[in-house]
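Asks: Provided herewith: query-v9.txt, compact mmCIF, C-alpha atoms.
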# COMPACT_ATOMS: atom_id res chain seq x y z
CA MET A 1 59.53 75.08 62.04
CA THR A 2 63.19 75.78 62.62
CA SER A 3 63.51 78.07 59.59
CA THR A 4 64.00 81.80 60.11
CA LYS A 5 61.70 82.53 57.21
CA ILE A 6 58.97 84.96 58.28
CA PRO A 7 55.57 83.21 58.03
CA GLU A 8 53.00 85.47 56.38
CA GLY A 9 50.04 85.09 54.07
CA CYS A 10 46.43 83.91 54.26
CA PHE A 11 44.72 80.75 55.44
CA ALA A 12 41.17 79.76 56.40
CA ILE A 13 39.85 78.54 59.72
CA ASN A 14 36.56 76.81 60.55
CA LYS A 15 34.86 79.32 62.85
CA PRO A 16 32.82 77.73 65.65
CA ARG A 17 29.35 78.87 66.65
CA GLY A 18 28.85 81.33 69.48
CA ILE A 19 31.83 83.67 69.08
CA THR A 20 32.50 86.69 66.89
CA SER A 21 34.96 86.78 64.03
CA ALA A 22 37.04 89.27 66.01
CA GLN A 23 37.19 86.84 68.94
CA VAL A 24 38.49 84.14 66.61
CA ILE A 25 41.41 86.40 65.73
CA ARG A 26 42.13 87.10 69.40
CA ASP A 27 42.01 83.39 70.20
CA VAL A 28 44.38 82.57 67.34
CA GLN A 29 46.78 85.32 68.42
CA VAL A 30 46.94 83.80 71.91
CA HIS A 31 48.47 80.68 70.32
CA PHE A 32 50.49 82.39 67.60
CA ASN A 33 52.16 85.15 69.67
CA PRO A 34 54.41 82.91 71.86
CA SER A 35 54.93 80.20 69.25
CA LYS A 36 58.21 79.10 67.68
CA LEU A 37 56.64 79.29 64.23
CA PHE A 38 55.93 83.01 64.49
CA LYS A 39 59.01 84.00 66.50
CA PRO A 40 60.76 85.25 63.32
CA TRP A 41 57.79 87.55 62.66
CA VAL A 42 57.82 88.88 66.23
CA ASP A 43 61.59 89.44 66.09
CA ALA A 44 61.28 91.28 62.76
CA GLU A 45 58.52 93.50 64.13
CA ARG A 46 60.57 94.28 67.22
CA GLN A 47 63.54 95.19 65.00
CA ARG A 48 61.31 97.40 62.85
CA GLN A 49 60.16 99.30 65.91
CA MET A 50 63.78 99.78 67.05
CA VAL A 51 64.75 101.51 63.78
CA GLU A 52 61.75 103.81 63.75
CA SER A 53 62.41 107.49 63.42
CA HIS A 54 62.74 109.62 66.52
CA ASN A 55 59.27 111.12 66.02
CA GLN A 56 57.69 107.70 65.63
CA ARG A 57 59.30 106.44 68.82
CA LYS A 58 58.21 109.60 70.61
CA LYS A 59 54.59 109.05 69.56
CA ARG A 60 54.77 105.42 70.59
CA SER A 61 56.25 106.27 74.00
CA LYS A 62 53.28 108.49 74.79
CA LYS A 63 50.95 105.54 74.42
CA PHE A 64 50.63 102.48 76.57
CA VAL A 65 53.20 100.09 75.19
CA LYS A 66 51.50 96.79 74.41
CA PRO A 67 53.26 93.49 73.84
CA ILE A 68 53.87 92.73 70.20
CA GLN A 69 50.89 90.93 68.66
CA ILE A 70 50.90 89.01 65.41
CA LYS A 71 49.28 91.29 62.86
CA MET A 72 46.03 89.64 61.73
CA GLY A 73 42.72 90.41 60.06
CA HIS A 74 39.84 88.55 58.41
CA GLY A 75 38.38 88.57 54.92
CA GLY A 76 34.67 88.82 55.68
CA THR A 77 32.71 88.76 58.94
CA LEU A 78 30.63 85.83 60.12
CA ASP A 79 27.91 86.34 62.75
CA PRO A 80 28.29 84.57 66.10
CA LEU A 81 25.43 82.28 65.01
CA ALA A 82 27.34 81.23 61.89
CA THR A 83 30.11 78.68 61.44
CA GLY A 84 32.45 77.79 58.61
CA VAL A 85 35.11 79.40 56.43
CA LEU A 86 36.70 82.50 57.94
CA ILE A 87 39.76 83.68 56.00
CA LEU A 88 42.56 85.09 58.14
CA GLY A 89 45.47 87.20 56.99
CA VAL A 90 48.81 87.13 58.82
CA GLY A 91 51.40 89.91 58.54
CA SER A 92 51.62 91.20 54.97
CA GLY A 93 48.82 88.78 54.08
CA THR A 94 46.35 91.26 55.58
CA LYS A 95 46.90 93.45 52.50
CA SER A 96 45.29 90.74 50.35
CA LEU A 97 42.15 90.35 52.47
CA GLY A 98 40.26 92.92 50.41
CA ASN A 99 40.44 90.58 47.42
CA PHE A 100 38.38 87.98 49.26
CA LEU A 101 35.47 90.41 49.60
CA ALA A 102 35.04 90.33 45.82
CA CYS A 103 34.90 86.55 45.39
CA THR A 104 31.84 84.31 45.53
CA LYS A 105 30.78 82.47 48.68
CA SER A 106 28.77 79.31 49.29
CA TYR A 107 26.45 78.87 52.26
CA GLU A 108 24.21 76.26 53.84
CA ALA A 109 21.39 77.70 55.94
CA VAL A 110 18.37 76.42 57.84
CA LEU A 111 15.16 78.40 57.39
CA LEU A 112 12.50 78.08 60.12
CA PHE A 113 8.97 79.24 59.28
CA GLY A 114 6.24 80.97 61.29
CA ARG A 115 8.15 83.78 63.02
CA ALA A 116 9.93 87.04 62.22
CA THR A 117 12.55 88.61 64.48
CA ASP A 118 14.34 91.93 64.65
CA SER A 119 17.61 90.29 63.55
CA TYR A 120 16.02 87.94 60.97
CA ASP A 121 17.45 84.94 62.87
CA THR A 122 16.81 82.90 66.00
CA GLU A 123 19.11 85.13 68.06
CA GLY A 124 16.72 88.09 67.94
CA GLU A 125 13.37 89.00 69.50
CA VAL A 126 10.08 88.00 67.88
CA VAL A 127 8.33 90.91 66.17
CA ALA A 128 5.61 88.99 64.28
CA LYS A 129 3.93 85.58 64.07
CA LYS A 130 2.05 83.98 61.20
CA GLY A 131 0.54 80.66 60.19
CA PHE A 132 2.72 78.00 58.59
CA GLU A 133 0.36 75.03 58.12
CA HIS A 134 0.07 75.70 54.39
CA VAL A 135 3.85 75.79 53.78
CA THR A 136 5.07 72.74 51.87
CA ARG A 137 8.31 71.70 50.24
CA GLU A 138 6.78 72.20 46.83
CA SER A 139 5.64 75.76 47.60
CA VAL A 140 9.08 76.69 48.95
CA GLU A 141 10.91 75.22 45.96
CA GLU A 142 8.61 77.13 43.63
CA ALA A 143 9.20 80.39 45.52
CA MET A 144 12.98 79.85 45.44
CA GLY A 145 12.91 80.44 41.68
CA LYS A 146 12.25 84.14 42.35
CA PHE A 147 15.54 84.46 44.18
CA ARG A 148 17.94 83.09 41.58
CA GLY A 149 20.06 85.29 39.33
CA LYS A 150 20.58 89.03 39.63
CA MET A 151 18.19 90.84 41.93
CA MET A 152 17.82 93.67 44.42
CA GLN A 153 17.99 92.80 48.11
CA ARG A 154 17.13 94.88 51.17
CA PRO A 155 19.55 94.34 54.12
CA PRO A 156 18.22 93.25 57.54
CA ILE A 157 16.99 96.71 58.39
CA PHE A 158 16.48 96.28 62.12
CA SER A 159 19.93 94.92 62.91
CA ALA A 160 22.14 96.19 60.12
CA ILE A 161 21.10 99.72 59.24
CA ARG A 162 21.30 103.06 60.96
CA ILE A 163 19.38 105.99 59.52
CA GLN A 164 20.90 109.37 60.33
CA GLY A 165 22.69 107.91 63.32
CA LYS A 166 19.73 106.00 64.77
CA ARG A 167 18.64 102.40 64.61
CA LEU A 168 15.08 101.80 63.40
CA TYR A 169 14.03 100.67 66.89
CA GLU A 170 14.83 104.16 68.16
CA TYR A 171 12.45 105.71 65.65
CA ALA A 172 9.78 103.23 66.74
CA ARG A 173 10.18 104.02 70.42
CA GLU A 174 10.11 107.77 69.76
CA GLY A 175 7.06 107.50 67.52
CA LYS A 176 8.88 109.07 64.58
CA GLU A 177 8.82 108.23 60.89
CA VAL A 178 11.95 106.87 59.23
CA PRO A 179 13.36 109.90 57.37
CA VAL A 180 14.57 107.97 54.30
CA GLU A 181 13.68 104.77 52.47
CA ILE A 182 15.85 101.72 53.16
CA GLU A 183 17.66 101.15 49.89
CA GLU A 184 17.88 97.79 48.17
CA ARG A 185 21.25 96.66 46.86
CA PRO A 186 22.18 94.66 43.75
CA VAL A 187 23.27 91.07 44.46
CA GLU A 188 23.45 87.84 42.49
CA VAL A 189 22.51 84.29 43.46
CA GLU A 190 24.40 81.92 41.18
CA LYS A 191 22.97 78.78 42.78
CA LEU A 192 20.04 78.14 45.14
CA GLU A 193 18.67 74.69 45.94
CA MET A 194 16.76 72.75 48.56
CA GLY A 195 19.00 70.44 50.56
CA GLU A 196 16.54 68.96 53.08
CA TRP A 197 12.91 69.41 54.07
CA MET A 198 12.00 68.96 57.76
CA GLU A 199 8.37 68.67 58.82
CA GLY A 200 7.27 70.36 62.02
CA GLY A 201 8.07 68.41 65.16
CA THR A 202 10.87 66.41 63.52
CA HIS A 203 13.81 68.80 63.87
CA GLU A 204 15.92 70.42 66.60
CA TYR A 205 15.34 74.06 65.72
CA ARG A 206 13.27 76.36 67.94
CA TRP A 207 11.63 79.75 67.73
CA PRO A 208 13.12 82.41 70.03
CA GLU A 209 11.27 82.80 73.33
CA ALA A 210 12.00 86.51 73.75
CA GLU A 211 9.50 88.90 72.19
CA ALA A 212 9.96 92.53 71.25
CA GLY A 213 7.79 95.25 72.80
CA ARG A 214 4.52 96.35 71.24
CA GLU A 215 6.05 99.50 69.73
CA GLU A 216 8.66 97.45 67.91
CA LYS A 217 6.05 94.96 66.67
CA VAL A 218 3.76 97.66 65.30
CA PHE A 219 6.70 99.44 63.72
CA ALA A 220 7.98 96.21 62.15
CA ASP A 221 4.60 95.47 60.62
CA LYS A 222 4.36 99.03 59.28
CA VAL A 223 7.82 98.99 57.69
CA LEU A 224 8.03 95.37 56.54
CA HIS A 225 4.34 94.73 55.75
CA PHE A 226 4.13 91.31 57.36
CA GLY A 227 0.40 91.11 56.90
CA SER A 228 0.03 89.48 60.32
CA ASP A 229 -2.39 90.56 63.01
CA ILE A 230 -0.80 92.22 66.01
CA THR A 231 -3.16 92.60 68.96
CA PRO A 232 -2.31 94.99 71.78
CA GLU A 233 -1.35 93.50 75.10
CA PRO A 234 -3.45 94.68 78.06
CA GLU A 235 -1.78 97.26 80.27
CA ALA A 236 -0.92 96.15 83.78
CA THR A 237 -3.28 97.72 86.33
CA ALA A 238 -2.71 98.34 90.01
CA ALA A 239 -4.68 96.23 92.50
CA ASP A 240 -5.77 96.84 96.10
CA GLY A 241 -4.49 100.41 96.07
CA GLU A 242 -0.95 99.36 95.18
CA GLU A 243 1.22 101.28 92.77
CA PRO A 244 2.12 99.30 89.62
CA GLY A 245 5.74 99.12 90.72
CA GLN A 246 4.70 97.77 94.10
CA LYS A 247 2.49 95.11 92.48
CA ARG A 248 5.33 93.97 90.23
CA LYS A 249 7.67 93.82 93.23
CA ARG A 250 5.13 91.77 95.22
CA GLU A 251 4.56 89.38 92.33
CA ALA A 252 8.31 88.98 91.89
CA ASP A 253 8.68 88.16 95.58
CA GLU A 254 5.89 85.58 95.31
CA ASP A 255 7.60 84.01 92.35
CA GLU A 256 10.80 83.69 94.35
CA GLY A 257 9.14 81.05 96.59
CA PHE A 258 10.30 79.87 99.99
CA ASP A 259 13.73 78.30 100.31
CA GLU A 260 14.89 77.18 103.74
CA ASN A 261 18.44 76.90 102.40
CA VAL A 262 18.64 80.70 102.15
CA PRO A 263 18.73 81.87 105.78
CA GLN A 264 18.34 85.58 105.03
CA PHE A 265 15.02 85.07 103.22
CA PRO A 266 12.70 84.46 104.84
CA LYS A 267 13.97 84.84 108.41
CA ARG A 268 13.19 82.02 110.82
CA PRO A 269 12.13 82.85 114.37
CA LYS A 270 14.97 82.43 116.85
CA SER A 271 12.71 80.46 119.21
CA SER A 272 11.88 77.91 116.57
CA SER A 273 13.06 74.42 117.44
CA ALA A 274 11.89 72.82 114.22
CA PRO A 275 14.50 70.45 112.78
CA GLU A 276 16.24 71.56 109.62
CA ARG A 277 15.21 69.87 106.42
CA PRO A 278 17.83 68.30 104.22
CA PRO A 279 18.80 70.35 101.15
CA GLN A 280 16.32 69.92 98.31
CA THR A 281 17.38 69.38 94.75
CA ALA A 282 15.48 71.42 92.21
CA ALA A 283 13.50 69.33 89.79
CA ALA A 284 14.87 69.29 86.27
CA ALA A 285 12.85 71.36 83.83
CA PRO A 286 10.88 69.27 81.36
CA PRO A 287 12.30 69.26 77.83
CA ALA A 288 10.88 71.90 75.53
CA PRO A 289 8.35 70.55 73.05
CA PRO A 290 9.49 70.34 69.44
CA CYS A 291 8.75 73.29 67.19
CA PRO A 292 5.55 72.63 65.21
CA ALA A 293 6.66 74.67 62.19
CA PRO A 294 8.49 73.15 59.22
CA ALA A 295 12.09 74.02 58.41
CA CYS A 296 14.31 73.50 55.40
CA ARG A 297 18.01 73.39 54.65
CA ILE A 298 18.98 75.46 51.64
CA ARG A 299 22.31 75.76 49.81
CA MET A 300 23.44 78.73 47.77
CA THR A 301 26.36 80.37 46.01
CA VAL A 302 26.20 84.15 46.07
CA THR A 303 28.19 87.26 45.29
CA SER A 304 29.62 89.74 47.74
CA GLY A 305 27.25 91.82 49.86
CA PHE A 306 24.55 89.12 50.02
CA TYR A 307 22.63 88.71 53.29
CA VAL A 308 21.54 85.12 53.95
CA ARG A 309 19.29 86.32 56.77
CA SER A 310 17.44 88.58 54.33
CA LEU A 311 16.90 85.64 51.97
CA CYS A 312 15.34 83.60 54.81
CA HIS A 313 13.15 86.55 55.75
CA ASP A 314 12.04 87.22 52.15
CA LEU A 315 11.48 83.53 51.36
CA GLY A 316 9.20 83.19 54.37
CA LEU A 317 7.10 86.09 53.12
CA ALA A 318 7.09 84.67 49.58
CA VAL A 319 5.23 81.54 50.75
CA GLY A 320 2.65 83.47 52.76
CA SER A 321 4.27 82.98 56.15
CA LEU A 322 7.32 84.33 57.96
CA GLY A 323 10.87 82.99 58.16
CA ILE A 324 14.03 83.28 60.23
CA MET A 325 17.52 81.87 59.84
CA ALA A 326 18.16 79.12 62.41
CA SER A 327 21.62 78.00 61.26
CA LEU A 328 24.33 79.21 58.88
CA ILE A 329 27.46 77.55 57.54
CA ARG A 330 29.83 79.25 55.13
CA SER A 331 31.11 76.22 53.23
CA ARG A 332 33.32 78.06 50.73
CA GLN A 333 34.87 81.46 50.10
CA GLY A 334 37.04 81.89 47.04
CA ASP A 335 39.33 78.86 46.81
CA PHE A 336 38.96 77.92 50.49
CA GLU A 337 36.43 75.14 51.14
CA LEU A 338 35.43 73.13 54.21
CA GLY A 339 36.84 69.62 54.17
CA LYS A 340 39.63 70.54 51.76
CA ASN A 341 41.93 73.33 52.88
CA VAL A 342 40.40 74.85 56.02
CA PHE A 343 42.08 74.64 59.43
CA GLU A 344 39.93 73.39 62.32
CA TYR A 345 39.62 75.88 65.20
CA SER A 346 39.49 73.06 67.76
CA GLU A 347 42.99 71.92 66.80
CA LEU A 348 44.53 75.02 68.37
CA ALA A 349 44.04 73.45 71.79
CA LYS A 350 46.23 70.48 70.82
CA GLY A 351 49.40 72.57 70.90
CA GLU A 352 51.89 73.98 68.41
CA THR A 353 53.43 70.61 67.65
CA PHE A 354 50.05 69.71 66.13
CA TRP A 355 48.80 72.95 64.55
CA GLY A 356 52.20 74.47 63.69
CA PRO A 357 53.04 72.29 60.64
CA GLN A 358 49.48 72.68 59.32
CA VAL A 359 49.45 76.47 59.51
CA GLU A 360 52.98 76.72 58.16
CA GLY A 361 52.07 74.52 55.19
CA MET A 362 48.91 76.53 54.46
CA LEU A 363 50.78 79.84 54.50
CA GLU A 364 53.54 78.49 52.27
CA GLU A 365 51.01 77.08 49.81
CA TRP A 366 49.15 80.38 49.62
CA THR A 367 52.39 82.33 49.12
CA THR A 368 53.54 79.97 46.36
CA GLU A 369 50.21 80.11 44.52
CA LYS A 370 50.13 83.89 44.76
CA ALA A 371 53.67 84.20 43.38
CA GLU A 372 52.85 81.87 40.48
CA ALA A 373 49.65 83.77 39.64
CA LEU A 374 51.43 87.12 39.69
CA ALA A 375 54.25 85.76 37.52
CA GLN A 376 51.71 84.60 34.94
CA ALA A 377 49.90 87.92 34.99
CA ALA A 378 53.01 90.10 34.63
CA PRO A 379 53.90 89.17 31.00
CA MET A 380 50.36 89.93 29.85
CA THR A 381 50.10 93.35 31.45
CA GLY A 382 53.72 94.43 31.65
CA LYS A 383 53.21 95.07 35.35
CA VAL A 384 51.54 93.47 38.31
CA ALA A 385 48.43 95.35 39.27
CA LYS A 386 47.05 95.20 42.74
CA GLY A 387 44.09 92.85 42.65
CA GLU A 388 45.33 90.61 39.83
CA LYS A 389 44.00 87.10 39.91
CA GLY A 390 45.58 85.00 42.62
CA PRO A 391 44.48 82.65 45.38
CA ALA A 392 42.26 85.41 46.72
CA GLY A 393 40.78 86.37 43.38
CA GLY A 394 38.85 83.16 42.85
CA ARG A 395 37.04 83.20 39.56
CA HIS A 396 37.75 86.87 38.75
CA ALA A 397 40.50 86.81 36.10
CA ASN A 398 40.62 90.44 35.02
CA GLY A 399 42.76 92.62 37.26
CA ASP A 400 40.96 95.87 36.41
CA GLU A 401 37.59 94.31 37.11
CA VAL A 402 38.83 92.99 40.44
CA LYS A 403 40.22 96.39 41.42
CA ALA A 404 36.96 98.11 40.52
CA LYS A 405 34.99 95.48 42.38
CA GLU A 406 37.32 95.76 45.38
CA GLY A 407 36.68 99.48 45.64
CA GLN A 408 32.94 99.02 45.50
CA VAL A 409 32.92 96.12 47.94
CA GLU A 410 35.28 97.79 50.40
CA ALA A 411 33.05 100.88 50.42
CA GLU A 412 30.00 98.69 51.06
CA ASP A 413 31.87 96.76 53.75
CA ARG A 414 32.87 99.98 55.50
CA GLU A 415 29.25 101.08 55.45
CA ARG A 416 28.11 97.74 56.87
CA ARG A 417 30.69 97.90 59.65
CA ARG A 418 29.55 101.41 60.43
CA ASN A 419 25.92 100.35 60.53
CA SER A 420 26.25 97.02 62.28
CA SER A 421 28.53 94.91 64.39
CA SER A 422 27.98 91.81 62.29
CA VAL A 423 26.88 90.67 58.86
CA ASP A 424 26.28 87.38 57.11
CA ALA A 425 28.22 87.78 53.94
Translate this file's structure into structure tokens.

Replies:
Amino acid sequence: MTSTKIPEGCFAINKPRGITSAQVIRDVQVHFNPSKLFKPWVDAERQRQMVESHNQRKKRSKKFVKPIQIKMGHGGTLDPLATGVLILGVGSGTKSLGNFLACTKSYEAVLLFGRATDSYDTEGEVVAKKGFEHVTRESVEEAMGKFRGKMMQRPPIFSAIRIQGKRLYEYAREGKEVPVEIEERPVEVEKLEMGEWMEGGTHEYRWPEAEAGREEKVFADKVLHFGSDITPEPEATAADGEEPGQKRKREADEDEGFDENVPQFPKRPKSSSAPERPPQTAAAAPPAPPCPAPACRIRMTVTSGFYVRSLCHDLGLAVGSLGIMASLIRSRQGDFELGKNVFEYSELAKGETFWGPQVEGMLEEWTTEKAEALAQAAPMTGKVAKGEKGPAGGRHANGDEVKAKEGQVEAEDRERRRNSSSVDA
């Protein structure tokens, strides 16, 4: 790491569960910015800013001057729920990230039956419930045949789509009809197989506890045709002449209970001579019972623009029940694959002496492979076209096809980012 060579290119990191893809970039920058490995990049960027034109410096001076950050981006968002391959571009490598949107991806997901949520996964609110006792491994494997090959897929409409500037929930709450039909999009499933079948009560996955309001449930059933019965919940009524708000406040106070360790509530009489009780330790909550519904682990290889959550949702309906995604791992994207050439996020905490040589080697390998691929493509075409096959191109060998696909995928990706904060694939 003593070389003055500027480290740039692309590498993949194993994203952990519970954080956004954007947060992964920020976390990586925290380690990269002050590092010895990326000092040449920071110095070069500082020099570039010093030789900017007068007008450029003038514009920059009007803004809050931020410390120089390593330029980074990612090649395809993963939801906070998801883990696995997240491709990161560093410096000039960010220009190649668009190529990764056009390559195939492999996923491993867990599908949990019996519930539907607004987000099509266990992070959302329940909008419908349906029986699952009839769902068997054989019935699911048979239904999976309908989802292989080229098909049309509707995105997760509650979480991913805005119609004329509004989310579908807003139409539901306002009692309005959706002005346009949610369009299906062409996708392809190259591989889809059952990895593991888990009977109810034998797995760790749980239904969400939070439920959506009645308006959202009725609207979901109307739009998505769950076929499940949704019974109205009784309205809260006032008692003993109390206003509804007062009744809720009184019930909330009753639920608070009496805690002598909180002197301000309730107040103790000053004349009381009762001895103080020792602090009481709250009893541990009993473990939640196992989910009675079956679940299955499915593996797939899909093209760009595919929503794994939508597959779980549609597969649940296909077997006469409902389904939500309980887990998601992106095991491969392009030529990056878990267990082979993907950097572990947890290794950042071990310090630059540990992660520095790994990241440096990954960037050098990517740069070498890209240069070799471009050199091989140049004699055939007479020029190097943007999007020619390289480490990012995966199995797409034709440069023109890749460029055309890039344009389509980038347009779809921009639309997804405009409609939603996160997507599966």

Asks: State, in Å with one decimal place, the distance from CA of Ile329 (chain A) to CA of Tyr107 (chain A).

Replies: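 Between CA of Ile329 (chain A) and CA of Tyr107 (chain A) the gap works out to 5.5 Å.
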
Asks: Which neighbours of Glu204 (chain A) fall inside 12 Å, counting only C-alpha atoms, when residues of the same chain fewer than 4 positions from it are skipped, and could you give them as a compact mmCIF listing (two decimals) with C-alpha atoms, in the coordinates of the input?

Replies:
# COMPACT_ATOMS: atom_id res chain seq x y z
CA VAL A 110 18.37 76.42 57.84
CA LEU A 112 12.50 78.08 60.12
CA MET A 198 12.00 68.96 57.76
CA GLU A 199 8.37 68.67 58.82
CA GLY A 200 7.27 70.36 62.02
CA PRO A 287 12.30 69.26 77.83
CA ALA A 288 10.88 71.90 75.53
CA PRO A 289 8.35 70.55 73.05
CA PRO A 290 9.49 70.34 69.44
CA CYS A 291 8.75 73.29 67.19
CA PRO A 292 5.55 72.63 65.21
CA ALA A 293 6.66 74.67 62.19
CA PRO A 294 8.49 73.15 59.22
CA ALA A 295 12.09 74.02 58.41
CA CYS A 296 14.31 73.50 55.40
CA ALA A 326 18.16 79.12 62.41
CA SER A 327 21.62 78.00 61.26

Asks: Might you pull out every residue within 12 Å of Pro40 (chain A), with only C-alpha atoms counted and same-chain residues fewer than 4 positions away left off, and present them as a PyMOL selection string?

Replies: chain A and resi 1-8+32-36+44-47+70+91

Asks: Once you have the residues from the selection above, write them out as a PDB file, in the coordinates of the input, restricted to C-alpha atoms.

Replies:
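Result file out.pdb:
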ATOM      1  CA  MET A   1      59.530  75.080  62.040  1.00  0.00           C
ATOM      2  CA  THR A   2      63.190  75.780  62.620  1.00  0.00           C
ATOM      3  CA  SER A   3      63.510  78.070  59.590  1.00  0.00           C
ATOM      4  CA  THR A   4      64.000  81.800  60.110  1.00  0.00           C
ATOM      5  CA  LYS A   5      61.700  82.530  57.210  1.00  0.00           C
ATOM      6  CA  ILE A   6      58.970  84.960  58.280  1.00  0.00           C
ATOM      7  CA  PRO A   7      55.570  83.210  58.030  1.00  0.00           C
ATOM      8  CA  GLU A   8      53.000  85.470  56.380  1.00  0.00           C
ATOM      9  CA  PHE A  32      50.490  82.390  67.600  1.00  0.00           C
ATOM     10  CA  ASN A  33      52.160  85.150  69.670  1.00  0.00           C
ATOM     11  CA  PRO A  34      54.410  82.910  71.860  1.00  0.00           C
ATOM     12  CA  SER A  35      54.930  80.200  69.250  1.00  0.00           C
ATOM     13  CA  LYS A  36      58.210  79.100  67.680  1.00  0.00           C
ATOM     14  CA  ALA A  44      61.280  91.280  62.760  1.00  0.00           C
ATOM     15  CA  GLU A  45      58.520  93.500  64.130  1.00  0.00           C
ATOM     16  CA  ARG A  46      60.570  94.280  67.220  1.00  0.00           C
ATOM     17  CA  GLN A  47      63.540  95.190  65.000  1.00  0.00           C
ATOM     18  CA  ILE A  70      50.900  89.010  65.410  1.00  0.00           C
ATOM     19  CA  GLY A  91      51.400  89.910  58.540  1.00  0.00           C
TER      20      GLY A  91
END

Asks: Please compute the CA of Gln29 (chain A)-CA of Leu81 (chain A) distance, one decimal, in Å.

Replies: 21.8 Å

Asks: Counting all atoms listed in the file, which residues come within 6 Å of (31.3, 76.8, 62.2), with the point read in the file's coordinates, and could you list them as a list of chain:residue names?

Replies: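 Counting all atoms listed in the file, I find these residues within 6 Å of (31.3, 76.8, 62.2): A:Asn14, A:Lys15, A:Pro16, A:Arg17, A:Ala82, A:Thr83, A:Gly84.
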
Asks: Could you write out that same residue set with C-alpha atoms as a compact mmCIF listing (two decimals), in the frame of the given file?

Replies:
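Now in again.txt:
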# COMPACT_ATOMS: atom_id res chain seq x y z
CA ASN A 14 36.56 76.81 60.55
CA LYS A 15 34.86 79.32 62.85
CA PRO A 16 32.82 77.73 65.65
CA ARG A 17 29.35 78.87 66.65
CA ALA A 82 27.34 81.23 61.89
CA THR A 83 30.11 78.68 61.44
CA GLY A 84 32.45 77.79 58.61

Asks: Give the answer as one residue: which of A:Gln358, A:Ser106, A:Ser346, A:Thr367 has the shortest atom-to-atom distance to Gly334 (chain A), using only C-alpha atoms?

Replies: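 Of A:Gln358, A:Ser106, A:Ser346, A:Thr367, the one nearest Gly334 (chain A) is A:Ser106, counting only C-alpha atoms.
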
Asks: Go ahead and compute the interatomic distance for CA of Val359 (chain A) and CA of Met300 (chain A), in Å to one decimal.

Replies: 28.6 Å

Asks: Out of A:Glu183, A:Glu215, A:Glu364, A:Glu123, which residue has the shortest atom-to-atom distance to Arg154 (chain A) when counting all atoms listed in the file?

Replies: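 Looking only at the distances to Arg154 (chain A), the closest residue turns out to be A:Glu183.
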
Asks: Env of region 314-323 of chain A: 9 Å cut, atoms = all atoms listed in the file, seq-sep filter 3 positions within chain, self excluded. Answer as a PyMOL selection string.

Replies: chain A and resi 111-117+120-121+128-132+134-136+139-140+143-144+146-147+226-228+309-311

Asks: Find the residues around Phe336 (chain A) up to 7 Å (only C-alpha atoms counted), leave out those fewer than 5 positions away in its own chain, and share them as a list of chain:residue names.

Replies: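 Residues near the query, excluding close chain neighbours: A:Ala12, A:Asn341, A:Val342.
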
Asks: Looking at A:Ser92, A:Gln69, A:Thr303, A:Thr353, which one is nearest to Arg332 (chain A), with distances taken over all atoms listed in the file?

Replies: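 Using all atoms listed in the file, Arg332 (chain A) sits closest to A:Thr303.
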
Asks: What box, with edges along x, y and z, holds each listed atom of region 117-136 of chain A when 4 Å is added on every side, and can you state its centre and edge lengths in Å to one decimal, as lines of an AutoDock Vina configuration file?

Replies:
center_x = 9.6
center_y = 82.3
center_z = 60.7
size_x = 27.0
size_y = 27.2
size_z = 25.6

Asks: For Gln164 (chain A), please output as a short mmCIF file (atom, residue, chain, number, x, y, z; two decimals) with C-alpha atoms, in the coordinates of the input all residues within 10 Å (counting all atoms listed in the file; exclusion window: fewer than 5 positions along the same chain).

Replies:
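The resulting file, around_13.cif, is shown below:
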data_model
loop_
_atom_site.label_atom_id
_atom_site.label_comp_id
_atom_site.auth_asym_id
_atom_site.auth_seq_id
_atom_site.Cartn_x
_atom_site.Cartn_y
_atom_site.Cartn_z
CA VAL A 178 11.95 106.87 59.23
CA PRO A 179 13.36 109.90 57.37
CA VAL A 180 14.57 107.97 54.30
#
